[in-house]
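Have a look at data-v3.cif; it's mmCIF, C-alpha atoms and all ligand atoms:
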```cif
data_final
loop_
_atom_site.label_atom_id
_atom_site.label_comp_id
_atom_site.auth_asym_id
_atom_site.auth_seq_id
_atom_site.Cartn_x
_atom_site.Cartn_y
_atom_site.Cartn_z
CA MET A 1 111.94 -128.75 -156.67
CA LEU A 2 111.84 -130.02 -160.25
CA ASN A 3 110.82 -133.43 -158.95
CA ASP A 4 107.94 -131.88 -157.03
CA ILE A 5 106.57 -130.29 -160.16
CA GLU A 6 106.83 -133.54 -162.08
CA ASN A 7 104.94 -135.34 -159.36
CA VAL A 8 102.13 -132.82 -159.43
CA GLN A 9 101.73 -133.20 -163.18
CA GLU A 10 101.75 -136.96 -163.20
CA PRO A 11 98.52 -138.33 -164.68
CA LEU A 12 95.83 -139.40 -162.27
CA THR A 13 95.88 -143.04 -163.37
CA ALA A 14 99.57 -143.24 -162.54
CA GLN A 15 98.97 -141.68 -159.13
CA ARG A 16 96.20 -144.13 -158.46
CA ALA A 17 98.27 -147.14 -159.37
CA ARG A 18 100.65 -146.26 -156.54
CA PHE A 19 97.98 -146.69 -153.89
CA ASP A 20 96.82 -150.16 -153.04
CA ASP A 21 94.10 -148.88 -150.79
CA GLY A 22 92.24 -146.76 -153.33
CA PRO A 23 88.59 -145.78 -152.99
CA SER A 24 86.08 -148.44 -152.05
CA CYS A 25 82.47 -148.95 -153.10
CA ARG A 26 80.04 -146.80 -151.14
CA PHE A 27 77.58 -149.66 -151.03
CA CYS A 28 79.46 -152.98 -150.76
CA ASP A 29 82.93 -151.74 -149.78
CA ALA A 30 84.77 -153.65 -152.52
CA GLN A 31 87.84 -151.85 -153.81
CA LEU A 32 87.17 -149.73 -156.90
CA ARG A 33 89.64 -150.77 -159.58
CA HIS A 34 87.79 -150.15 -162.84
CA ASP A 35 87.32 -146.76 -164.51
CA PHE A 36 84.00 -146.11 -166.23
CA VAL A 37 84.96 -142.71 -167.65
CA ASP A 38 87.55 -140.03 -166.87
CA LEU A 39 86.25 -136.50 -167.49
CA GLY A 40 89.43 -134.80 -166.33
CA MET A 41 89.48 -132.03 -163.75
CA SER A 42 86.32 -130.06 -163.13
CA PRO A 43 85.04 -127.52 -160.58
CA LEU A 44 81.92 -128.33 -158.54
CA SER A 45 79.22 -127.85 -161.14
CA ASN A 46 76.92 -125.80 -158.91
CA SER A 47 79.62 -123.38 -157.73
CA TYR A 48 78.47 -120.42 -159.81
CA LEU A 49 80.77 -117.41 -159.57
CA LYS A 50 79.86 -113.88 -158.57
CA PRO A 51 81.62 -111.02 -160.39
CA ALA A 52 84.00 -110.58 -157.42
CA ASP A 53 85.02 -114.27 -157.68
CA LEU A 54 86.46 -113.77 -161.16
CA ALA A 55 89.70 -112.44 -159.68
CA ARG A 56 90.11 -115.60 -157.58
CA MET A 57 91.16 -119.18 -158.23
CA GLU A 58 88.67 -122.04 -158.26
CA PRO A 59 89.11 -125.54 -156.85
CA PHE A 60 89.05 -128.28 -159.50
CA TYR A 61 88.59 -131.96 -158.63
CA PRO A 62 89.12 -135.14 -160.63
CA LEU A 63 85.90 -136.22 -162.31
CA VAL A 64 86.63 -139.92 -162.58
CA VAL A 65 83.84 -142.47 -162.43
CA PHE A 66 84.33 -146.05 -161.31
CA VAL A 67 82.29 -149.19 -161.64
CA CYS A 68 82.30 -151.66 -158.77
CA GLU A 69 83.26 -155.14 -159.88
CA ARG A 70 81.13 -156.76 -157.19
CA CYS A 71 77.79 -154.87 -157.15
CA PHE A 72 78.17 -152.87 -160.42
CA LEU A 73 77.32 -149.59 -158.77
CA VAL A 74 78.79 -146.84 -160.94
CA GLN A 75 80.11 -144.11 -158.70
CA LEU A 76 82.36 -141.15 -157.97
CA GLU A 77 84.65 -140.67 -155.08
CA GLU A 78 83.59 -138.06 -152.53
CA PHE A 79 85.94 -135.07 -152.77
CA GLU A 80 83.95 -132.40 -151.02
CA SER A 81 81.68 -132.56 -148.02
CA PRO A 82 77.97 -132.43 -148.86
CA ASP A 83 77.82 -129.41 -146.56
CA ARG A 84 79.92 -127.41 -148.93
CA ILE A 85 78.18 -128.71 -152.02
CA PHE A 86 74.57 -128.33 -150.98
CA SER A 87 74.38 -125.59 -148.36
CA ASP A 88 73.67 -122.77 -150.84
CA TYR A 89 72.15 -124.51 -153.79
CA ALA A 90 71.34 -122.42 -156.85
CA TYR A 91 68.72 -124.78 -158.26
CA PHE A 92 65.10 -123.86 -157.57
CA SER A 93 62.82 -126.57 -158.95
CA SER A 94 59.89 -124.21 -159.46
CA PHE A 95 61.71 -122.41 -162.28
CA SER A 96 61.19 -125.39 -164.57
CA GLU A 97 57.58 -125.50 -165.74
CA SER A 98 57.83 -129.07 -166.97
CA TRP A 99 59.24 -130.23 -163.63
CA VAL A 100 56.42 -128.59 -161.68
CA GLU A 101 53.95 -130.30 -164.03
CA HIS A 102 55.76 -133.62 -163.48
CA ALA A 103 55.24 -133.15 -159.72
CA ARG A 104 51.56 -132.31 -160.14
CA ALA A 105 50.90 -135.38 -162.29
CA TYR A 106 52.81 -137.58 -159.81
CA THR A 107 50.75 -136.31 -156.89
CA GLN A 108 47.48 -137.02 -158.69
CA MET A 109 48.60 -140.54 -159.65
CA MET A 110 49.81 -141.41 -156.13
CA VAL A 111 46.64 -140.12 -154.45
CA GLU A 112 44.52 -142.25 -156.79
CA ARG A 113 46.66 -145.38 -156.82
CA PHE A 114 47.28 -145.62 -153.09
CA GLY A 115 44.20 -143.80 -151.76
CA LEU A 116 46.15 -141.11 -149.94
CA ASP A 117 43.97 -138.83 -147.83
CA PRO A 118 44.32 -136.30 -144.98
CA ASN A 119 45.06 -139.14 -142.52
CA HIS A 120 48.35 -139.80 -144.25
CA HIS A 121 51.72 -138.18 -143.82
CA VAL A 122 53.94 -137.47 -146.82
CA VAL A 123 57.64 -136.74 -146.35
CA GLU A 124 59.78 -135.55 -149.23
CA ILE A 125 63.55 -135.74 -149.00
CA ALA A 126 65.36 -132.99 -150.88
CA SER A 127 62.08 -131.12 -151.07
CA ASN A 128 63.75 -128.11 -152.66
CA ASP A 129 61.41 -125.08 -152.74
CA GLY A 130 58.24 -127.09 -152.10
CA TYR A 131 57.52 -127.58 -155.83
CA LEU A 132 56.04 -131.04 -155.13
CA LEU A 133 54.68 -131.01 -151.58
CA GLN A 134 52.52 -127.99 -152.40
CA HIS A 135 50.33 -130.34 -154.48
CA PHE A 136 49.83 -132.78 -151.57
CA ALA A 137 49.23 -129.88 -149.15
CA ALA A 138 46.54 -128.54 -151.49
CA LYS A 139 44.69 -131.84 -150.99
CA GLY A 140 44.78 -131.42 -147.21
CA ILE A 141 47.47 -134.11 -146.72
CA ALA A 142 50.03 -133.46 -143.98
CA VAL A 143 53.48 -132.90 -145.45
CA LEU A 144 57.04 -132.44 -144.27
CA GLY A 145 59.95 -131.39 -146.43
CA ILE A 146 63.58 -132.18 -145.66
CA GLU A 147 66.01 -129.93 -147.47
CA PRO A 148 69.62 -129.23 -146.50
CA ALA A 149 69.99 -126.07 -148.60
CA ALA A 150 68.77 -123.25 -146.36
CA ASN A 151 68.15 -120.81 -149.21
CA VAL A 152 65.75 -123.08 -151.11
CA ALA A 153 64.12 -124.36 -147.89
CA GLU A 154 63.29 -120.78 -147.05
CA ALA A 155 61.33 -120.48 -150.30
CA ALA A 156 59.34 -123.59 -149.32
CA VAL A 157 58.51 -122.22 -145.86
CA LYS A 158 57.16 -119.08 -147.54
CA LYS A 159 54.71 -121.36 -149.37
CA ASN A 160 53.63 -122.82 -145.99
CA ILE A 161 55.44 -126.12 -146.58
CA PRO A 162 56.99 -127.15 -143.24
CA THR A 163 60.64 -127.88 -143.98
CA ARG A 164 63.56 -129.18 -141.89
CA VAL A 165 66.92 -127.81 -142.98
CA GLU A 166 68.95 -131.00 -142.53
CA PHE A 167 70.60 -133.88 -144.33
CA PHE A 168 68.58 -137.07 -144.26
CA GLY A 169 69.96 -140.29 -142.82
CA GLU A 170 69.51 -142.75 -139.99
CA SER A 171 69.88 -140.13 -137.26
CA LEU A 172 67.19 -137.77 -138.57
CA ALA A 173 64.87 -140.71 -139.34
CA ARG A 174 65.08 -141.91 -135.72
CA ARG A 175 64.32 -138.43 -134.40
CA LEU A 176 61.34 -138.03 -136.72
CA VAL A 177 59.90 -141.39 -135.70
CA ALA A 178 60.37 -140.43 -132.02
CA GLU A 179 58.39 -137.25 -132.75
CA GLY A 180 55.59 -139.36 -134.27
CA ALA A 181 56.41 -138.17 -137.76
CA GLY A 182 56.73 -141.59 -139.45
CA ALA A 183 55.81 -141.56 -143.13
CA ASP A 184 53.06 -143.26 -145.15
CA LEU A 185 54.77 -142.02 -148.28
CA ILE A 186 58.39 -141.01 -148.65
CA VAL A 187 59.26 -139.23 -151.89
CA GLY A 188 62.82 -138.79 -153.08
CA ASN A 189 63.27 -137.27 -156.51
CA ASN A 190 66.84 -136.93 -157.69
CA VAL A 191 68.30 -137.37 -154.24
CA LEU A 192 69.45 -141.01 -154.07
CA ALA A 193 72.14 -140.31 -156.65
CA HIS A 194 73.31 -137.27 -154.65
CA VAL A 195 73.89 -139.15 -151.40
CA PRO A 196 77.50 -139.88 -150.43
CA LYS A 197 76.58 -142.13 -147.47
CA LEU A 198 74.27 -144.39 -149.40
CA ASN A 199 73.78 -147.06 -146.72
CA ASP A 200 73.03 -144.46 -144.01
CA PHE A 201 70.43 -142.85 -146.28
CA VAL A 202 68.64 -146.08 -147.22
CA GLU A 203 68.67 -147.27 -143.61
CA GLY A 204 67.02 -143.93 -142.75
CA LEU A 205 64.29 -144.68 -145.30
CA ARG A 206 63.63 -148.05 -143.68
CA ILE A 207 63.35 -146.47 -140.24
CA LEU A 208 61.10 -143.58 -141.28
CA LEU A 209 58.69 -145.71 -143.33
CA LYS A 210 55.55 -146.95 -141.53
CA PRO A 211 54.89 -150.72 -141.82
CA ASP A 212 52.46 -150.33 -144.74
CA GLY A 213 54.11 -147.27 -146.18
CA ILE A 214 55.51 -146.72 -149.65
CA ILE A 215 58.66 -145.05 -150.91
CA THR A 216 59.11 -143.73 -154.42
CA LEU A 217 62.54 -142.71 -155.61
CA GLU A 218 63.47 -141.21 -158.96
CA PHE A 219 66.97 -141.15 -160.36
CA PRO A 220 68.55 -141.22 -163.82
CA HIS A 221 68.79 -144.73 -165.22
CA LEU A 222 72.36 -145.83 -165.89
CA MET A 223 71.28 -147.86 -168.89
CA ARG A 224 69.92 -144.73 -170.59
CA LEU A 225 72.99 -142.72 -169.61
CA MET A 226 75.12 -145.29 -171.39
CA GLU A 227 72.85 -145.84 -174.40
CA GLU A 228 72.36 -142.13 -175.01
CA ASN A 229 75.81 -140.94 -174.15
CA GLN A 230 74.64 -138.65 -171.34
CA PHE A 231 78.08 -138.24 -169.82
CA ASP A 232 77.33 -134.62 -168.92
CA THR A 233 74.95 -135.83 -166.20
CA ILE A 234 78.11 -136.88 -164.36
CA TYR A 235 79.25 -134.28 -161.86
CA HIS A 236 80.67 -134.21 -158.36
CA GLU A 237 77.34 -133.64 -156.66
CA HIS A 238 76.06 -136.81 -158.28
CA PHE A 239 77.79 -139.66 -156.48
CA SER A 240 76.01 -142.79 -157.79
CA TYR A 241 74.60 -143.94 -161.16
CA PHE A 242 72.13 -146.78 -160.77
CA SER A 243 70.96 -149.69 -162.80
CA LEU A 244 67.88 -151.47 -161.47
CA HIS A 245 70.24 -154.34 -160.72
CA ALA A 246 72.41 -152.21 -158.42
CA VAL A 247 69.60 -150.33 -156.66
CA ARG A 248 67.72 -153.55 -155.98
CA GLN A 249 70.70 -154.94 -154.09
CA VAL A 250 71.04 -151.71 -152.11
CA MET A 251 67.38 -151.80 -151.05
CA ALA A 252 67.48 -155.51 -150.23
CA ALA A 253 70.50 -155.01 -147.98
CA HIS A 254 68.25 -152.76 -145.85
CA GLY A 255 65.23 -155.06 -145.85
CA LEU A 256 63.42 -153.07 -148.53
CA GLU A 257 61.89 -154.42 -151.70
CA ILE A 258 61.22 -152.84 -155.08
CA PHE A 259 57.69 -153.89 -156.03
CA ASP A 260 57.19 -151.71 -159.09
CA VAL A 261 59.21 -149.56 -161.45
CA GLU A 262 58.35 -146.99 -164.08
CA GLU A 263 60.62 -145.74 -166.81
CA LEU A 264 60.25 -141.98 -167.12
CA SER A 265 61.48 -139.54 -169.74
CA THR A 266 62.72 -137.01 -167.15
CA HIS A 267 66.42 -136.13 -167.02
CA GLY A 268 67.07 -138.07 -170.21
CA GLY A 269 65.52 -141.28 -168.86
CA SER A 270 64.89 -141.97 -165.20
CA LEU A 271 63.57 -144.80 -163.10
CA ARG A 272 60.86 -144.33 -160.51
CA ILE A 273 61.07 -147.26 -158.12
CA TYR A 274 58.29 -148.17 -155.69
CA VAL A 275 59.65 -149.59 -152.47
CA SER A 276 58.09 -151.16 -149.39
CA HIS A 277 59.09 -153.22 -146.40
CA GLN A 278 59.24 -156.80 -147.61
CA ALA A 279 55.73 -158.06 -148.18
CA ARG A 280 54.62 -157.24 -151.70
CA SER A 281 55.83 -159.34 -154.59
CA ALA A 282 57.78 -157.79 -157.43
CA GLY A 283 55.50 -156.68 -160.24
CA ALA A 284 55.77 -157.53 -163.92
CA ARG A 285 57.48 -154.23 -164.75
CA VAL A 286 60.31 -155.01 -162.33
CA GLU A 287 60.92 -158.42 -163.86
CA ASP A 288 60.67 -157.04 -167.39
CA LEU A 289 63.26 -154.34 -166.79
CA ALA A 290 65.51 -156.77 -164.91
CA ALA A 291 65.43 -159.03 -167.98
CA ARG A 292 66.27 -156.16 -170.34
CA GLU A 293 69.16 -155.08 -168.13
CA LYS A 294 70.38 -158.64 -168.19
CA SER A 295 70.41 -158.66 -172.00
CA ALA A 296 72.22 -155.31 -171.90
CA ALA A 297 74.87 -157.11 -169.82
CA VAL A 298 74.83 -154.71 -166.85
CA THR A 299 76.72 -157.29 -164.80
CA ASP A 300 79.56 -157.57 -167.29
CA LEU A 301 82.55 -155.26 -166.78
CA GLU A 302 83.14 -155.20 -170.55
CA THR A 303 79.89 -153.28 -170.98
CA TYR A 304 81.33 -150.40 -168.99
CA ALA A 305 84.74 -150.39 -170.61
CA THR A 306 83.68 -148.88 -173.97
CA PHE A 307 81.89 -145.79 -172.67
CA GLY A 308 84.97 -143.57 -172.39
CA GLU A 309 85.66 -143.75 -176.14
CA LYS A 310 82.12 -142.69 -176.96
CA VAL A 311 82.56 -139.65 -174.74
CA LYS A 312 85.77 -138.55 -176.45
CA HIS A 313 84.03 -138.85 -179.82
CA THR A 314 81.24 -136.55 -178.65
CA LYS A 315 83.76 -133.96 -177.49
CA ARG A 316 85.40 -133.89 -180.90
CA LYS A 317 82.02 -133.54 -182.64
CA LEU A 318 81.00 -130.60 -180.47
CA LEU A 319 84.34 -128.86 -181.00
CA GLN A 320 84.12 -129.49 -184.74
CA PHE A 321 80.73 -127.79 -184.86
CA LEU A 322 81.86 -124.82 -182.75
CA ILE A 323 85.08 -124.31 -184.69
CA ALA A 324 83.23 -124.40 -188.01
CA ALA A 325 80.58 -121.96 -186.75
CA LYS A 326 83.19 -119.51 -185.46
CA ASN A 327 85.25 -119.78 -188.67
CA GLU A 328 82.11 -118.78 -190.58
CA GLY A 329 81.79 -115.73 -188.34
CA LYS A 330 78.61 -117.01 -186.64
CA SER A 331 77.68 -116.17 -183.07
CA VAL A 332 76.87 -118.91 -180.56
CA VAL A 333 75.24 -118.49 -177.15
CA GLY A 334 74.00 -120.98 -174.59
CA TYR A 335 70.57 -121.56 -173.13
CA GLY A 336 70.42 -122.63 -169.50
CA ALA A 337 72.99 -122.95 -166.76
CA PRO A 338 72.38 -126.47 -165.47
CA ALA A 339 74.96 -128.57 -163.64
CA LYS A 340 75.19 -130.86 -166.68
CA GLY A 341 76.13 -127.91 -168.89
CA ASN A 342 79.11 -127.27 -166.66
CA THR A 343 80.40 -130.81 -167.04
CA LEU A 344 80.01 -130.59 -170.81
CA LEU A 345 81.68 -127.18 -171.19
CA ASN A 346 84.55 -127.90 -168.79
CA TYR A 347 85.26 -131.31 -170.28
CA CYS A 348 85.22 -129.91 -173.81
CA GLY A 349 87.18 -126.76 -172.86
CA VAL A 350 84.49 -124.44 -174.24
CA ARG A 351 84.65 -120.92 -172.83
CA THR A 352 83.77 -117.44 -174.10
CA ASP A 353 86.06 -118.17 -177.04
CA PHE A 354 83.12 -120.15 -178.45
CA ILE A 355 80.05 -119.16 -176.45
CA ASP A 356 79.43 -115.46 -175.81
CA TYR A 357 77.10 -115.98 -172.86
CA THR A 358 74.33 -118.20 -171.61
CA VAL A 359 70.91 -117.31 -170.21
CA ASP A 360 68.79 -118.76 -167.43
CA ARG A 361 65.29 -118.08 -166.20
CA SER A 362 66.35 -118.37 -162.57
CA PRO A 363 67.14 -114.90 -161.16
CA HIS A 364 69.45 -116.66 -158.67
CA LYS A 365 71.82 -117.49 -161.51
CA GLN A 366 71.52 -114.31 -163.58
CA GLY A 367 74.48 -111.96 -163.17
CA GLN A 368 76.73 -114.88 -162.16
CA PHE A 369 79.26 -116.89 -164.17
CA LEU A 370 79.54 -120.59 -164.95
CA PRO A 371 82.17 -122.35 -162.82
CA GLY A 372 85.41 -123.12 -164.61
CA THR A 373 84.45 -121.71 -168.00
CA ARG A 374 83.38 -118.33 -166.56
CA ILE A 375 80.72 -117.82 -169.21
CA PRO A 376 78.36 -115.03 -168.04
CA ILE A 377 74.72 -115.88 -167.27
CA HIS A 378 72.09 -113.38 -168.41
CA HIS A 379 68.31 -113.06 -168.46
CA PRO A 380 66.74 -114.87 -171.48
CA ASP A 381 65.76 -111.49 -172.99
CA ARG A 382 69.40 -111.04 -173.89
CA ILE A 383 68.94 -113.47 -176.77
CA ARG A 384 66.27 -111.25 -178.35
CA GLN A 385 68.65 -108.29 -178.07
CA THR A 386 71.78 -109.89 -179.55
CA LYS A 387 70.09 -112.21 -182.13
CA PRO A 388 72.71 -115.02 -182.13
CA ASP A 389 73.00 -117.47 -185.04
CA TYR A 390 73.04 -120.52 -182.76
CA VAL A 391 71.58 -121.25 -179.33
CA LEU A 392 73.19 -124.30 -177.71
CA ILE A 393 70.65 -125.93 -175.39
CA LEU A 394 72.55 -127.10 -172.31
CA PRO A 395 69.59 -128.71 -170.43
CA TRP A 396 68.85 -130.91 -173.47
CA ASN A 397 66.26 -132.81 -171.46
CA LEU A 398 64.11 -129.65 -171.65
CA THR A 399 64.59 -129.13 -175.39
CA GLN A 400 60.89 -129.13 -176.21
CA GLU A 401 60.02 -126.60 -173.49
CA ILE A 402 62.90 -124.33 -174.51
CA THR A 403 62.33 -124.41 -178.27
CA GLU A 404 58.69 -123.47 -177.62
CA GLN A 405 59.52 -120.63 -175.24
CA MET A 406 62.31 -119.33 -177.46
CA GLY A 407 60.68 -119.99 -180.85
CA HIS A 408 61.20 -116.31 -181.77
CA ILE A 409 64.87 -116.97 -182.62
CA ARG A 410 63.50 -118.21 -185.97
CA ASP A 411 62.60 -114.54 -186.71
CA TRP A 412 66.28 -113.86 -187.42
CA ASN A 413 66.99 -117.40 -188.71
CA GLY A 414 68.56 -118.45 -185.43
CA ARG A 415 68.97 -122.22 -184.94
CA PHE A 416 68.90 -124.39 -181.84
CA VAL A 417 71.72 -126.84 -181.26
CA VAL A 418 71.51 -129.87 -178.97
CA PRO A 419 74.84 -131.40 -177.82
CA ILE A 420 73.70 -134.83 -176.51
CA PRO A 421 73.47 -137.71 -177.52
CA GLU A 422 75.37 -136.07 -180.34
CA VAL A 423 75.58 -132.61 -181.82
CA LYS A 424 72.47 -131.80 -183.79
CA VAL A 425 71.30 -128.52 -185.31
CA LEU A 426 67.49 -128.36 -185.08
ZN ZN B 1 80.06 -152.40 -154.78
#
```
As structure tokens, how would this structure be written, given the file I've shared?
Ligand SMILES: [Zn+2]
Amino acid sequence: MLNDIENVQEPLTAQRARFDDGPSCRFCDAQLRHDFVDLGMSPLSNSYLKPADLARMEPFYPLVVFVCERCFLVQLEEFESPDRIFSDYAYFSSFSESWVEHARAYTQMMVERFGLDPNHHVVEIASNDGYLLQHFAAKGIAVLGIEPAANVAEAAVKKNIPTRVEFFGESLARRLVAEGAGADLIVGNNVLAHVPKLNDFVEGLRILLKPDGIITLEFPHLMRLMEENQFDTIYHEHFSYFSLHAVRQVMAAHGLEIFDVEELSTHGGSLRIYVSHQARSAGARVEDLAAREKSAAVTDLETYATFGEKVKHTKRKLLQFLIAAKNEGKSVVGYGAPAKGNTLLNYCGVRTDFIDYTVDRSPHKQGQFLPGTRIPIHHPDRIRQTKPDYVLILPWNLTQEITEQMGHIRDWNGRFVVPIPEVKVL
């Protein structure tokens, strides 16, 4: 009995060392033997709790990230089926004004650059509530959304955006092509990183794309994650973390070529890759970024080995700030209830002992509690009522939007605090 307990409490690294056949790379199948960062045990970051759930236990999973020594894909093991993770998703894209604007600007640029017109067919994978396809539909272009979360897909259908409630992969791509629904443009924003079966997904892209078609995919750039210490963007729903180097190999393995790349400011620094069937030559921006990644040594395991220490340092800085604020009798609340906030708060062990509550504009989250930390989520008006001394911005990528919307906290000398890349009082 005593032995059993000891076994359960043995550290993860020790457990792992006992297994020769540990996890393998989801792209190249090499064995994963190198940790990138260990964020301890964490619940699924989108598993918000209803009041009735507070009396129950929650599943926690190891949040350990590996780097593949062969292809340098940074990745998590899959602990939960995507079904369970994504079937009732609480994130509705349309609740972020800056994200809807991002989608509008993208649509305009794509229509102009590639001459898209009503003869073309645009398919978006992980189309959420139709926040993006609505802009193509408004230009008379035929659209199809693919969205596995039934609750958000329903919101898209209400906006007259045809939406299939399914996971995308080779099987769905073949069925769509058989139905004559091949794509001139496939859009995938923040989906590639969320795909556990990476090769099945990319093969699906190849199949669905018409011969002259174009794919654009957006995902956070690993180089920025590392440079700017964005460890909170690591969570179980987010399986892969790509450098251009890694994603280029993945595409090439499926006969696809990256012919252009843009570096975007979204989500703390993302890449938007432009992909086609092999034919176009790689543009200057691809070669430029490839060269910069090379100087940043993205193909050197040493580069990945130092990240974990940086993360621990950030945890201590955040706790130092919170402890000092509480010792001075100040009140601290959160703003936002994003997935990344849940990684940050769970990793740092910050609960209602430090943060009274958080707020979120999405009514789907209001009245619920953050997973693990069980911090209550209220309507943003709550901040005006309780006049806290500090507002910790959890979706730090939206800092500008939030400080503008919530500027009235200055009326009572309230201050905004941003946790990443390091704690800063604004
Ligand atoms: Zn690999």
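Each residue with an atom within 8 Å of any atom of ligand ZN 1 (chain B) appears in the list, which was built counting only C-alpha atoms and all ligand atoms: A:Ser24, A:Cys25, A:Arg26, A:Phe27, A:Cys28, A:Asp29, A:Ala30, A:Gln31, A:Leu32, A:Val67, A:Cys68, A:Glu69, A:Arg70, A:Cys71, A:Phe72, A:Leu73.
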**OP:** Choose the residue, out of A:Lys159, A:His408, A:His378, A:His34, that has the smallest atom-to-atom separation from Val333 in chain A; count all atoms listed in the file.
**Re:** A:His378
Original post:
If you count all atoms listed in the file, which residues fall within 8 Å of Gly188 in chain A, apart from same-chain ones fewer than 5 positions away, as an MDAnalysis selection string?
Top reply: chainID A and resid 124:127 215:218
Subject >> Option closest in space to His267 in chain A, from A:Leu192, A:Ile377, A:Asn397, A:Ser295 [counting all atoms listed in the file] >> reply: A:Asn397
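Ranking A:Tyr357, A:Phe79, A:Phe167, A:Tyr390 by their shortest atom-to-atom distance to Val332 in chain A, with only C-alpha atoms included, puts A:Tyr390 first.
For the pair CA of Ala193 in chain A and CA of Glu262 in chain A, the separation is 17.0 Å.
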Original post:
Between CA of Ile146 in chain A and CA of Phe168 in chain A, what is the spacing in Å?
Top reply: 7.1 Å
Subject >> Residues within 12 Å of Arg316 in chain A, all atoms listed in the file, excluding chain neighbours under 5 positions, as a PyMOL selection string >> reply: chain A and resi 309-311+321-323+344+347-350+419+422-423
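Our summary of the geometry notes that CA of Phe354 in chain A is positioned 27.5 Å from CA of Val65 in chain A.
When all atoms listed in the file are used to compute distances to Glu170 in chain A, the closest of the residues A:Ala105, A:Leu205, A:Ala183, A:Val191 turns out to be A:Leu205.
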Original post:
Neighbours of Ile420 in chain A within 10 Å (only C-alpha atoms; same-chain residues fewer than 6 positions away dropped), as a PyMOL selection string?
Top reply: chain A and resi 228-232+268+314+318+344+393-397
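Using all atoms listed in the file, the nearest neighbour of Gly145 in chain A within the list A:Asn128, A:Thr373, A:Ser243, A:Thr399 is A:Asn128.
If only C-alpha atoms are the atoms counted, then among A:Leu222, A:Leu54, A:Ala296, A:Glu97 the closest residue to Gln400 in chain A is A:Glu97.
All polymer residues at most 12 Å from (56.1, -135.3, -164.5), using all atoms listed in the file, appear as Ser96, Glu97, Ser98, Trp99, Val100, Glu101, His102, Ala103, Arg104, Ala105, Tyr106, Thr107, Gln108, Met109, Tyr131, Leu132, Asn189, Glu218, Glu262, Glu263, Leu264, Ser265, Thr266, His267, Gly269, Ser270 and Arg272 of chain A.
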Selection export as an mmCIF file, in the coordinates of the input, atoms kept: C-alpha atoms:
```cif
data_model
loop_
_atom_site.group_PDB
_atom_site.id
_atom_site.type_symbol
_atom_site.label_atom_id
_atom_site.label_comp_id
_atom_site.auth_asym_id
_atom_site.auth_seq_id
_atom_site.Cartn_x
_atom_site.Cartn_y
_atom_site.Cartn_z
ATOM 1 C CA SER A 96 61.190 -125.390 -164.570
ATOM 2 C CA GLU A 97 57.580 -125.500 -165.740
ATOM 3 C CA SER A 98 57.830 -129.070 -166.970
ATOM 4 C CA TRP A 99 59.240 -130.230 -163.630
ATOM 5 C CA VAL A 100 56.420 -128.590 -161.680
ATOM 6 C CA GLU A 101 53.950 -130.300 -164.030
ATOM 7 C CA HIS A 102 55.760 -133.620 -163.480
ATOM 8 C CA ALA A 103 55.240 -133.150 -159.720
ATOM 9 C CA ARG A 104 51.560 -132.310 -160.140
ATOM 10 C CA ALA A 105 50.900 -135.380 -162.290
ATOM 11 C CA TYR A 106 52.810 -137.580 -159.810
ATOM 12 C CA THR A 107 50.750 -136.310 -156.890
ATOM 13 C CA GLN A 108 47.480 -137.020 -158.690
ATOM 14 C CA MET A 109 48.600 -140.540 -159.650
ATOM 15 C CA TYR A 131 57.520 -127.580 -155.830
ATOM 16 C CA LEU A 132 56.040 -131.040 -155.130
ATOM 17 C CA ASN A 189 63.270 -137.270 -156.510
ATOM 18 C CA GLU A 218 63.470 -141.210 -158.960
ATOM 19 C CA GLU A 262 58.350 -146.990 -164.080
ATOM 20 C CA GLU A 263 60.620 -145.740 -166.810
ATOM 21 C CA LEU A 264 60.250 -141.980 -167.120
ATOM 22 C CA SER A 265 61.480 -139.540 -169.740
ATOM 23 C CA THR A 266 62.720 -137.010 -167.150
ATOM 24 C CA HIS A 267 66.420 -136.130 -167.020
ATOM 25 C CA GLY A 269 65.520 -141.280 -168.860
ATOM 26 C CA SER A 270 64.890 -141.970 -165.200
ATOM 27 C CA ARG A 272 60.860 -144.330 -160.510
#
```
Because the input lacks atoms here, generate N, CA and C atoms for range 38-43 of chain A and report them as a PDB file, in the coordinates of the input.
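And here is the file that came out, rebuild.pdb:
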```
ATOM      1  N   ASP A  38      86.723-141.061-167.502  1.00  0.00           N
ATOM      2  CA  ASP A  38      87.550-140.030-166.870  1.00  0.00           C
ATOM      3  C   ASP A  38      87.271-138.704-167.584  1.00  0.00           C
ATOM      4  N   LEU A  39      86.610-137.793-166.889  1.00  0.00           N
ATOM      5  CA  LEU A  39      86.250-136.500-167.490  1.00  0.00           C
ATOM      6  C   LEU A  39      87.238-135.394-167.106  1.00  0.00           C
ATOM      7  N   GLY A  40      88.393-135.796-166.632  1.00  0.00           N
ATOM      8  CA  GLY A  40      89.430-134.800-166.330  1.00  0.00           C
ATOM      9  C   GLY A  40      89.149-134.061-165.032  1.00  0.00           C
ATOM     10  N   MET A  41      89.665-132.835-164.950  1.00  0.00           N
ATOM     11  CA  MET A  41      89.480-132.030-163.750  1.00  0.00           C
ATOM     12  C   MET A  41      88.328-131.058-163.975  1.00  0.00           C
ATOM     13  N   SER A  42      87.485-130.912-162.970  1.00  0.00           N
ATOM     14  CA  SER A  42      86.320-130.060-163.130  1.00  0.00           C
ATOM     15  C   SER A  42      86.005-129.375-161.795  1.00  0.00           C
ATOM     16  N   PRO A  43      85.470-128.134-161.837  1.00  0.00           N
ATOM     17  CA  PRO A  43      85.040-127.520-160.580  1.00  0.00           C
ATOM     18  C   PRO A  43      83.692-128.120-160.166  1.00  0.00           C
TER      19      PRO A  43
END
```
